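File shown: work_36.cif (mmCIF, C-alpha atoms).
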```cif
data_entry
#
loop_
_atom_site.label_atom_id
_atom_site.label_comp_id
_atom_site.auth_asym_id
_atom_site.auth_seq_id
_atom_site.Cartn_x
_atom_site.Cartn_y
_atom_site.Cartn_z
CA MET A 1 33.17 21.69 -14.83
CA LYS A 2 31.85 18.09 -14.80
CA THR A 3 29.10 17.02 -12.41
CA LEU A 4 28.96 13.55 -10.98
CA SER A 5 25.89 11.58 -12.04
CA ILE A 6 24.33 9.19 -9.55
CA GLU A 7 23.39 5.76 -10.84
CA GLN A 8 19.80 4.98 -9.93
CA TYR A 9 18.75 1.49 -8.92
CA PRO A 10 16.87 -0.47 -11.61
CA LEU A 11 13.14 -0.76 -10.95
CA PHE A 12 13.02 -4.55 -10.72
CA SER A 13 16.05 -5.09 -8.52
CA VAL A 14 16.71 -6.15 -4.94
CA ARG A 15 18.43 -2.82 -4.24
CA PHE A 16 15.38 -0.87 -5.41
CA PHE A 17 13.10 -3.06 -3.28
CA LYS A 18 15.26 -2.52 -0.19
CA ALA A 19 15.30 1.23 -0.84
CA TYR A 20 11.52 1.33 -1.04
CA ILE A 21 11.16 -0.67 2.19
CA ILE A 22 13.46 1.80 3.97
CA THR A 23 11.33 4.67 2.68
CA MET A 24 8.15 2.99 3.97
CA ARG A 25 9.63 3.02 7.51
CA PRO A 26 8.43 -0.46 8.60
CA TYR A 27 8.80 0.40 12.30
CA LEU A 28 6.11 3.08 11.89
CA MET A 29 3.75 0.82 9.97
CA PHE A 30 2.86 -0.59 13.39
CA VAL A 31 1.24 2.77 14.07
CA SER A 32 -1.29 2.36 11.26
CA GLY A 33 -1.54 -1.33 12.12
CA ALA A 34 -2.61 -0.49 15.67
CA THR A 35 -5.07 2.07 14.31
CA ALA A 36 -6.68 -0.57 12.08
CA ILE A 37 -6.75 -3.09 14.93
CA VAL A 38 -8.60 -0.83 17.35
CA GLY A 39 -11.00 0.24 14.61
CA MET A 40 -12.07 -3.29 13.72
CA SER A 41 -12.17 -4.38 17.37
CA PHE A 42 -15.56 -2.68 17.68
CA ALA A 43 -17.19 -5.27 15.39
CA THR A 44 -19.39 -7.70 17.29
CA GLU A 45 -18.47 -10.59 15.01
CA LEU A 46 -15.35 -10.72 12.84
CA GLU A 47 -14.12 -13.59 10.69
CA VAL A 48 -10.40 -14.34 10.90
CA THR A 49 -9.81 -13.92 7.16
CA LYS A 50 -11.64 -10.60 7.12
CA ALA A 51 -9.69 -9.36 10.14
CA ILE A 52 -6.36 -10.33 8.56
CA LEU A 53 -7.16 -8.52 5.30
CA ILE A 54 -8.26 -5.36 7.12
CA PHE A 55 -5.12 -5.49 9.25
CA ILE A 56 -2.85 -5.92 6.22
CA ALA A 57 -4.50 -2.98 4.44
CA GLY A 58 -4.19 -0.82 7.53
CA PHE A 59 -0.62 -1.88 8.27
CA LEU A 60 0.64 -1.23 4.74
CA SER A 61 -1.24 2.05 4.33
CA TYR A 62 1.24 3.94 6.50
CA GLY A 63 4.19 2.67 4.50
CA PHE A 64 2.67 3.53 1.13
CA GLY A 65 1.48 6.89 2.44
CA GLN A 66 4.90 7.69 3.93
CA ALA A 67 6.67 6.85 0.68
CA LEU A 68 4.16 9.03 -1.19
CA THR A 69 4.60 12.10 1.03
CA ASP A 70 8.39 11.67 1.03
CA CYS A 71 8.33 12.27 -2.72
CA PHE A 72 7.19 15.83 -1.98
CA GLN A 73 9.53 16.54 0.95
CA ILE A 74 12.95 15.78 -0.53
CA ASP A 75 14.11 19.34 0.17
CA THR A 76 13.83 19.21 3.96
CA ASP A 77 14.60 15.46 4.19
CA SER A 78 17.89 16.03 2.35
CA ILE A 79 19.03 18.02 5.37
CA SER A 80 17.41 16.19 8.27
CA SER A 81 17.35 12.61 6.91
CA PRO A 82 20.15 12.17 4.37
CA TYR A 83 20.08 8.37 4.78
CA ARG A 84 16.78 8.09 2.91
CA PRO A 85 17.02 6.78 -0.67
CA LEU A 86 15.03 9.64 -2.21
CA THR A 87 17.38 12.25 -0.76
CA GLN A 88 20.41 10.38 -2.13
CA GLY A 89 18.99 10.31 -5.64
CA ILE A 90 19.61 6.57 -5.97
CA VAL A 91 15.96 5.85 -6.87
CA ASN A 92 13.54 7.33 -9.37
CA ARG A 93 11.02 9.57 -7.60
CA TYR A 94 8.32 8.83 -10.17
CA TYR A 95 8.69 5.08 -9.64
CA PHE A 96 8.10 5.65 -5.93
CA LEU A 97 5.06 7.81 -6.69
CA ALA A 98 3.59 5.12 -8.93
CA ILE A 99 4.24 2.24 -6.52
CA SER A 100 2.87 4.20 -3.56
CA SER A 101 -0.27 5.17 -5.46
CA ILE A 102 -0.89 1.57 -6.55
CA GLY A 103 -0.27 0.36 -3.00
CA LEU A 104 -2.71 2.85 -1.50
CA LEU A 105 -5.26 1.90 -4.16
CA PHE A 106 -4.92 -1.72 -3.03
CA CYS A 107 -5.50 -0.76 0.61
CA ILE A 108 -8.55 1.32 -0.28
CA SER A 109 -9.87 -1.53 -2.41
CA VAL A 110 -9.72 -3.92 0.55
CA PHE A 111 -11.62 -1.48 2.76
CA THR A 112 -14.14 -0.81 0.00
CA TYR A 113 -14.69 -4.52 -0.65
CA PHE A 114 -15.94 -4.96 2.91
CA ASN A 115 -17.91 -1.69 2.94
CA PRO A 116 -18.56 0.30 -0.29
CA ILE A 117 -18.88 3.59 1.63
CA ASN A 118 -15.14 3.40 2.22
CA ILE A 119 -14.42 4.41 -1.36
CA GLY A 120 -15.40 7.95 -0.37
CA PHE A 121 -13.24 7.89 2.74
CA GLY A 122 -10.40 6.40 0.69
CA VAL A 123 -10.52 9.23 -1.82
CA LEU A 124 -10.62 11.70 1.07
CA ALA A 125 -7.56 10.13 2.72
CA GLY A 126 -5.70 10.03 -0.59
CA PHE A 127 -6.40 13.72 -1.11
CA GLY A 128 -5.12 14.40 2.40
CA LEU A 129 -1.85 12.56 1.77
CA ALA A 130 -1.31 14.33 -1.55
CA THR A 131 -1.82 17.78 0.01
CA TYR A 132 -0.16 17.21 3.40
CA THR A 133 3.16 18.80 2.46
CA ASP A 134 1.45 22.15 1.76
CA PHE A 135 -0.25 22.10 5.14
CA LYS A 136 2.94 21.08 6.93
CA ARG A 137 4.31 24.48 5.94
CA LYS A 138 1.60 26.17 8.06
CA TRP A 139 2.35 26.19 11.79
CA TRP A 140 -1.29 25.82 12.82
CA ALA A 141 -2.16 22.93 10.50
CA GLY A 142 0.48 20.19 10.33
CA PRO A 143 -0.31 17.90 13.29
CA PHE A 144 -4.07 18.28 12.94
CA TYR A 145 -3.99 17.73 9.18
CA ASN A 146 -1.98 14.55 9.53
CA ALA A 147 -4.11 13.34 12.44
CA TRP A 148 -7.42 13.55 10.59
CA ILE A 149 -6.01 11.34 7.84
CA VAL A 150 -5.13 8.67 10.41
CA LEU A 151 -8.55 9.09 12.01
CA VAL A 152 -10.06 8.33 8.60
CA LEU A 153 -8.04 5.08 8.59
CA PHE A 154 -9.59 4.23 11.96
CA VAL A 155 -13.07 4.91 10.56
CA MET A 156 -12.42 2.85 7.42
CA SER A 157 -11.22 -0.11 9.49
CA TYR A 158 -14.23 0.21 11.76
CA LEU A 159 -16.71 0.39 8.86
CA SER A 160 -15.00 -2.50 7.06
CA ALA A 161 -15.29 -4.69 10.15
CA ILE A 162 -18.96 -3.98 10.90
CA GLY A 163 -19.94 -4.05 7.21
CA LYS A 164 -22.54 -1.31 7.43
CA ILE A 165 -22.86 2.45 7.85
CA TYR A 166 -23.20 2.92 11.59
CA PHE A 167 -21.37 4.96 14.18
CA ASP A 168 -22.05 4.07 17.82
CA PHE A 169 -21.66 7.54 19.33
CA SER A 170 -23.35 6.29 22.48
CA ASN A 171 -20.33 4.04 23.11
CA SER A 172 -17.89 5.93 25.35
CA ILE A 173 -15.05 3.59 24.40
CA PHE A 174 -15.59 4.38 20.70
CA LEU A 175 -15.59 8.14 21.32
CA VAL A 176 -12.46 8.04 23.48
CA ALA A 177 -10.73 5.78 20.94
CA CYS A 178 -11.38 8.50 18.35
CA LEU A 179 -9.81 11.07 20.68
CA ALA A 180 -6.83 8.82 21.37
CA VAL A 181 -6.22 8.26 17.65
CA PHE A 182 -6.55 11.93 16.74
CA PHE A 183 -4.64 13.61 19.57
CA GLY A 184 -2.22 10.71 20.06
CA TYR A 185 -1.16 10.89 16.44
CA ALA A 186 -1.16 14.70 16.42
CA ASN A 187 1.28 14.56 19.33
CA PHE A 188 3.49 12.09 17.45
CA VAL A 189 3.57 14.44 14.45
CA LEU A 190 4.35 17.49 16.57
CA THR A 191 7.04 15.63 18.51
CA GLY A 192 8.52 14.50 15.20
CA TYR A 193 8.88 18.12 14.09
CA PHE A 194 11.42 18.63 16.88
CA LYS A 195 14.02 16.59 14.95
CA ASP A 196 13.61 18.69 11.80
CA ILE A 197 13.60 22.26 13.11
CA SER A 198 16.85 23.34 11.44
CA ALA A 199 15.99 21.66 8.14
CA ASP A 200 12.40 22.95 8.14
CA ARG A 201 13.57 26.51 8.84
CA VAL A 202 15.97 26.45 5.88
CA THR A 203 13.39 24.95 3.50
CA SER A 204 10.49 27.21 4.59
CA TYR A 205 8.43 24.64 6.45
CA ASN A 206 6.85 26.97 8.98
CA THR A 207 6.01 24.32 11.57
CA LEU A 208 5.00 25.19 15.13
CA PRO A 209 8.54 24.66 16.54
CA VAL A 210 10.00 26.78 13.72
CA LYS A 211 7.45 29.56 14.24
CA TYR A 212 7.29 29.69 18.04
CA GLY A 213 10.22 27.63 19.25
CA ARG A 214 10.55 24.55 21.42
CA LYS A 215 9.12 26.02 24.66
CA ILE A 216 5.72 26.92 23.21
CA SER A 217 5.57 23.76 21.11
CA VAL A 218 6.22 21.45 24.05
CA VAL A 219 3.32 23.05 25.96
CA VAL A 220 1.03 22.27 23.03
CA SER A 221 2.40 18.73 23.04
CA ASP A 222 1.64 18.50 26.77
CA LEU A 223 -1.94 19.50 26.01
CA PHE A 224 -2.32 16.77 23.38
CA ALA A 225 -0.89 14.18 25.77
CA THR A 226 -3.16 15.35 28.59
CA ILE A 227 -6.26 14.91 26.42
CA VAL A 228 -5.27 11.35 25.59
CA THR A 229 -4.37 10.53 29.21
CA ALA A 230 -7.47 12.07 30.79
CA SER A 231 -9.90 10.48 28.34
CA THR A 232 -8.22 7.07 28.67
CA LEU A 233 -8.31 7.17 32.48
CA PHE A 234 -11.98 8.16 32.24
CA ILE A 235 -12.68 4.92 30.37
CA VAL A 236 -10.74 2.90 32.97
CA LEU A 237 -12.86 4.40 35.76
CA LEU A 238 -16.03 3.89 33.75
CA LEU A 239 -15.23 0.19 33.29
CA ALA A 240 -14.44 -0.20 36.97
CA PHE A 241 -17.86 1.15 37.95
CA ASP A 242 -19.67 -0.73 35.18
CA SER A 243 -19.10 -4.25 36.51
CA VAL A 244 -16.81 -5.25 33.66
CA PRO A 245 -15.04 -8.55 34.50
CA PHE A 246 -11.80 -7.98 36.37
CA GLN A 247 -9.81 -10.18 33.95
CA ILE A 248 -10.75 -7.98 30.98
CA ILE A 249 -9.84 -4.78 32.80
CA MET A 250 -6.48 -6.17 33.90
CA LYS A 251 -5.55 -7.30 30.38
CA SER A 252 -6.33 -3.88 28.96
CA LEU A 253 -4.52 -2.11 31.80
CA VAL A 254 -1.28 -3.92 30.94
CA PHE A 255 -1.26 -1.96 27.69
CA ILE A 256 -2.94 1.23 28.90
CA TYR A 257 -0.81 1.88 31.98
CA THR A 258 2.41 1.02 30.13
CA GLY A 259 1.31 3.35 27.34
CA LEU A 260 0.52 6.20 29.71
CA GLY A 261 3.89 5.65 31.36
CA MET A 262 5.48 6.07 27.94
CA SER A 263 3.43 9.25 27.50
CA ILE A 264 4.91 10.70 30.67
CA LEU A 265 8.39 9.73 29.50
CA THR A 266 7.69 11.41 26.14
CA GLN A 267 6.73 14.71 27.70
CA ILE A 268 9.60 14.72 30.22
CA SER A 269 12.08 13.94 27.44
CA LEU A 270 10.59 16.56 25.13
CA HIS A 271 11.04 19.27 27.78
CA SER A 272 14.73 18.33 27.87
CA VAL A 273 15.32 18.49 24.11
CA LYS A 274 17.76 21.30 23.28
CA LYS A 275 18.75 20.34 19.73
CA ASP A 276 17.31 18.38 16.81
CA ALA A 277 19.59 15.37 17.28
CA GLU A 278 18.11 14.74 20.75
CA ALA A 279 14.47 14.67 19.64
CA HIS A 280 14.40 10.91 18.98
CA LEU A 281 14.62 10.39 22.76
CA ALA A 282 11.08 11.79 22.99
CA ILE A 283 9.72 10.53 19.67
CA VAL A 284 10.42 6.85 20.36
CA PRO A 285 8.34 6.63 23.59
CA CYS A 286 5.62 8.69 21.88
CA VAL A 287 5.20 5.93 19.28
CA HIS A 288 5.25 3.30 22.04
CA CYS A 289 2.48 5.23 23.82
CA TYR A 290 0.27 5.37 20.75
CA ILE A 291 0.54 1.66 19.97
CA LEU A 292 0.11 0.58 23.59
CA VAL A 293 -2.90 2.77 24.39
CA LEU A 294 -4.73 1.67 21.24
CA SER A 295 -3.87 -1.95 22.03
CA GLY A 296 -5.48 -1.40 25.41
CA PHE A 297 -8.72 -0.21 23.81
CA ALA A 298 -8.69 -3.16 21.41
CA THR A 299 -8.27 -5.54 24.35
CA ILE A 300 -11.28 -4.03 26.10
CA ASN A 301 -13.39 -4.88 23.06
CA LYS A 302 -11.69 -8.19 22.26
CA PRO A 303 -10.04 -9.73 25.37
CA THR A 304 -8.95 -12.77 23.32
CA TRP A 305 -6.67 -10.50 21.29
CA PHE A 306 -4.41 -9.92 24.31
CA ILE A 307 -1.71 -12.44 23.35
CA PRO A 308 -1.72 -11.56 19.61
CA LEU A 309 -1.37 -7.89 20.56
CA LEU A 310 1.58 -8.71 22.81
CA VAL A 311 3.19 -10.50 19.86
CA PHE A 312 2.38 -7.51 17.63
CA TYR A 313 4.05 -5.12 20.08
CA SER A 314 7.07 -7.41 20.44
CA PHE A 315 7.55 -7.38 16.65
CA TYR A 316 7.38 -3.59 16.74
CA ILE A 317 10.19 -3.45 19.31
CA PHE A 318 12.32 -5.78 17.18
CA ILE A 319 11.78 -3.86 13.93
CA LEU A 320 12.41 -0.57 15.73
CA LYS A 321 15.80 -1.82 16.95
CA ILE A 322 17.02 -2.65 13.43
CA ARG A 323 16.00 0.65 11.83
CA PRO A 324 18.77 2.09 9.62
CA ALA A 325 19.31 5.36 11.54
CA LYS A 326 19.13 5.20 15.33
CA ASP A 327 18.61 8.95 15.71
CA GLN A 328 15.65 8.87 13.30
CA ILE A 329 12.08 7.74 13.88
#
```
Full structure transcribed into structure tokens:
Amino acid sequence: MKTLSIEQYPLFSVRFFKAYIITMRPYLMFVSGATAIVGMSFATELEVTKAILIFIAGFLSYGFGQALTDCFQIDTDSISSPYRPLTQGIVNRYYFLAISSIGLLFCISVFTYFNPINIGFGVLAGFGLATYTDFKRKWWAGPFYNAWIVLVLFVMSYLSAIGKIYFDFSNSIFLVACLAVFFGYANFVLTGYFKDISADRVTSYNTLPVKYGRKISVVVSDLFATIVTASTLFIVLLLAFDSVPFQIIMKSLVFIYTGLGMSILTQISLHSVKKDAEAHLAIVPCVHCYILVLSGFATINKPTWFIPLLVFYSFYIFILKIRPAKDQI
């Protein structure tokens, strides 16, 4: 019996390039972009060129990291996300591994150029990405394991911007931003698992929804969202009682309140999810929440970034609308 062979796209071709871009998930690169933005917003002084380079490294890091981890999750993605190039076999997996590794090395190099200590954090993050698939199979680890990697990106952006080894733990905004990055992203990861339950069960990915079902998992998601909401509102109250100019607070609240509204929508939608195909209705506002809340923190630190952040968010909405699979995120 003959088997059909699939022709793979040549490495240096437009088709291969488009396939790699799809695998990077450009609409989710705004997540790492927002993480880098809020991290570097804590720098007292920041040159435009330096800020742009840090942003580019942060923005691209998600795409390269996503393409890298996808190389190790073809089994479950073949069931839940058949539109992806790697699952179709139309691209060479090892080419994707090489390009992703080179891309991540570039990002780490940018961070290290501005602060040499970042080479250690870069190696740590790279190790995390390479081992994430194994931890995704453990119900207690997946969201937390992915979240600490993104928190490392926040730290690298912060250290690159300030150019020295210093953590201002006395700054309440810095501490709450860390919480928002960690638990906000952990909630995005957990919410994302709701679209892959059937595929993960078949391929032995013992995620929290697979192990304990949707009802228990959504309660855990509610807890993550509550931590982000409560800590963010604490900062808003703190600013109100700390004589911060009204204009600064109002600019940040445009993002923060819209983001918290998206958080509520996420949790309400997640409680209504009955099957994998419906999960995107909760995942989409969860991503909105993450980007908006972090934009709010960045605006507190850098009020002049308000308009650029509005433009950044508008681009995210546009790119999200043209994603290749509307029920995927």
For the contact check between stretch 16-88 of chain A and stretch 117-136 of chain A, emit one row per residue of stretch 16-88 of chain A within 7 Å, containing the shortest atom pair and the distance in Å rounded to one decimal, counting only C-alpha atoms, chain then rising number order, as CSV.
```
residue,atom,partner,partner_atom,distance
A:Gly65,CA,A:Leu129,CA,6.6
A:Thr69,CA,A:Leu129,CA,6.5
A:Phe72,CA,A:Thr133,CA,6.7
A:Gln73,CA,A:Thr133,CA,6.9
```
Report as JSON, numbers by chain the residues that result from applying the PyMOL selection byres ((chain A and resi 153) around 8) to the structure here. {"A": [32, 35, 36, 58, 125, 149, 150, 151, 152, 154, 155, 156, 157]}
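Picture a line from atom CA of A:Ala67 to atom CA of A:Arg93; it runs 9.7 Å.
Between atom CA of A:Gln66 and atom CA of A:Ser101 there is a distance of 11.0 Å.
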Test item: residues at most 12 Å from A:Ser272, all atoms listed in the file, excluding those fewer than 6 positions along its chain, as a list in words: Phe194, Arg214, Lys215, Val218, Leu265, Thr266, Glu278, Ala279, His280, Leu281 and Ala282 of chain A
Wanna dump the stretch 9-32 of chain A-stretch 290-305 of chain A contacts at 12 Å for me, each residue with its shortest atom pair and the distance in Å to one decimal, counting all atoms listed in the file, ordered by chain and number, as JSON lines?
```
{"residue": "A:Tyr27", "atom": "CA", "partner": "A:Ile291", "partner_atom": "CA", "distance": 11.3}
{"residue": "A:Leu28", "atom": "CA", "partner": "A:Ile291", "partner_atom": "CA", "distance": 9.9}
{"residue": "A:Met29", "atom": "CA", "partner": "A:Ile291", "partner_atom": "CA", "distance": 10.5}
{"residue": "A:Phe30", "atom": "CA", "partner": "A:Ile291", "partner_atom": "CA", "distance": 7.3}
{"residue": "A:Val31", "atom": "CA", "partner": "A:Ile291", "partner_atom": "CA", "distance": 6.0}
{"residue": "A:Ser32", "atom": "CA", "partner": "A:Ile291", "partner_atom": "CA", "distance": 8.9}
```
Write out as a list in words each polymer residue whose atoms come within 9 Å of stretch 210-213 of chain A, counting all atoms listed in the file; drop sequence neighbours fewer than 5 positions from it. Trp139, Tyr193, Phe194, Ile197, Ser198, Asp200, Arg201, Tyr205 and Val218 of chain A
If you keep C-alpha atoms, can you produce a file of those selected residues as a PDB file, in the frame of the given file?
```
ATOM      1  CA  TRP A 139       2.350  26.190  11.790  1.00  0.00           C
ATOM      2  CA  TYR A 193       8.880  18.120  14.090  1.00  0.00           C
ATOM      3  CA  PHE A 194      11.420  18.630  16.880  1.00  0.00           C
ATOM      4  CA  ILE A 197      13.600  22.260  13.110  1.00  0.00           C
ATOM      5  CA  SER A 198      16.850  23.340  11.440  1.00  0.00           C
ATOM      6  CA  ASP A 200      12.400  22.950   8.140  1.00  0.00           C
ATOM      7  CA  ARG A 201      13.570  26.510   8.840  1.00  0.00           C
ATOM      8  CA  TYR A 205       8.430  24.640   6.450  1.00  0.00           C
ATOM      9  CA  VAL A 218       6.220  21.450  24.050  1.00  0.00           C
TER      10      VAL A 218
END
```
Restricting to only C-alpha atoms, whichever of A:Leu208, A:Leu233, A:Val228, A:Leu68 is closest to A:Cys286 is A:Val228
Work out where the centre of an axis-aligned box around every listed atom of stretch 61-72 of chain A lies and how long its edges are once 4 Å is added on each side; give both in Å to one decimal as AutoDock Vina command-line options.
```
--center_x 3.6 --center_y 8.9 --center_z 1.9 --size_x 17.6 --size_y 21.8 --size_z 17.2
```
Tell me which of A:Gly163, A:Gly192, A:Gly259, A:Gly89 sits closest to A:Ala43, counting all atoms listed in the file. A:Gly163
The PyMOL selection byres ((chain A and resi 143) around 12) on the file shown: which residues, as a PyMOL selection string? chain A and resi 132-133+135-142+144-150+182-193+207-209+217+220-221+224
When you count all atoms listed in the file, which of these residues is closest to A:Phe96: A:Ala19, A:Val38, A:Ile54, A:Val14? A:Ala19
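Distance-wise, atom CA of A:Met40 and atom CA of A:Ile99 end up 26.6 Å apart.
Ranking A:Ile102, A:Ile162, A:Ile108, A:Leu270 by their shortest atom-to-atom distance to A:Glu45, with only C-alpha atoms included, puts A:Ile162 first.
Candidate residues A:Lys50, A:Lys274, A:Thr229, A:Gln247 were compared for distance to A:Gly261, and the nearest is A:Thr229, using all atoms listed in the file.
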The residues within 8 Å of (-0.3, 1.4, -1.3), using all atoms listed in the file and the coordinates of the file, should be reported as number ranges by chain; which are they? A: 60-61, 63-65, 99-107
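With all atoms listed in the file as the basis for measurement, A:Ile79 is the residue among A:Ile79, A:Ile264, A:Cys289, A:Val181 that approaches A:Asp276 most closely.
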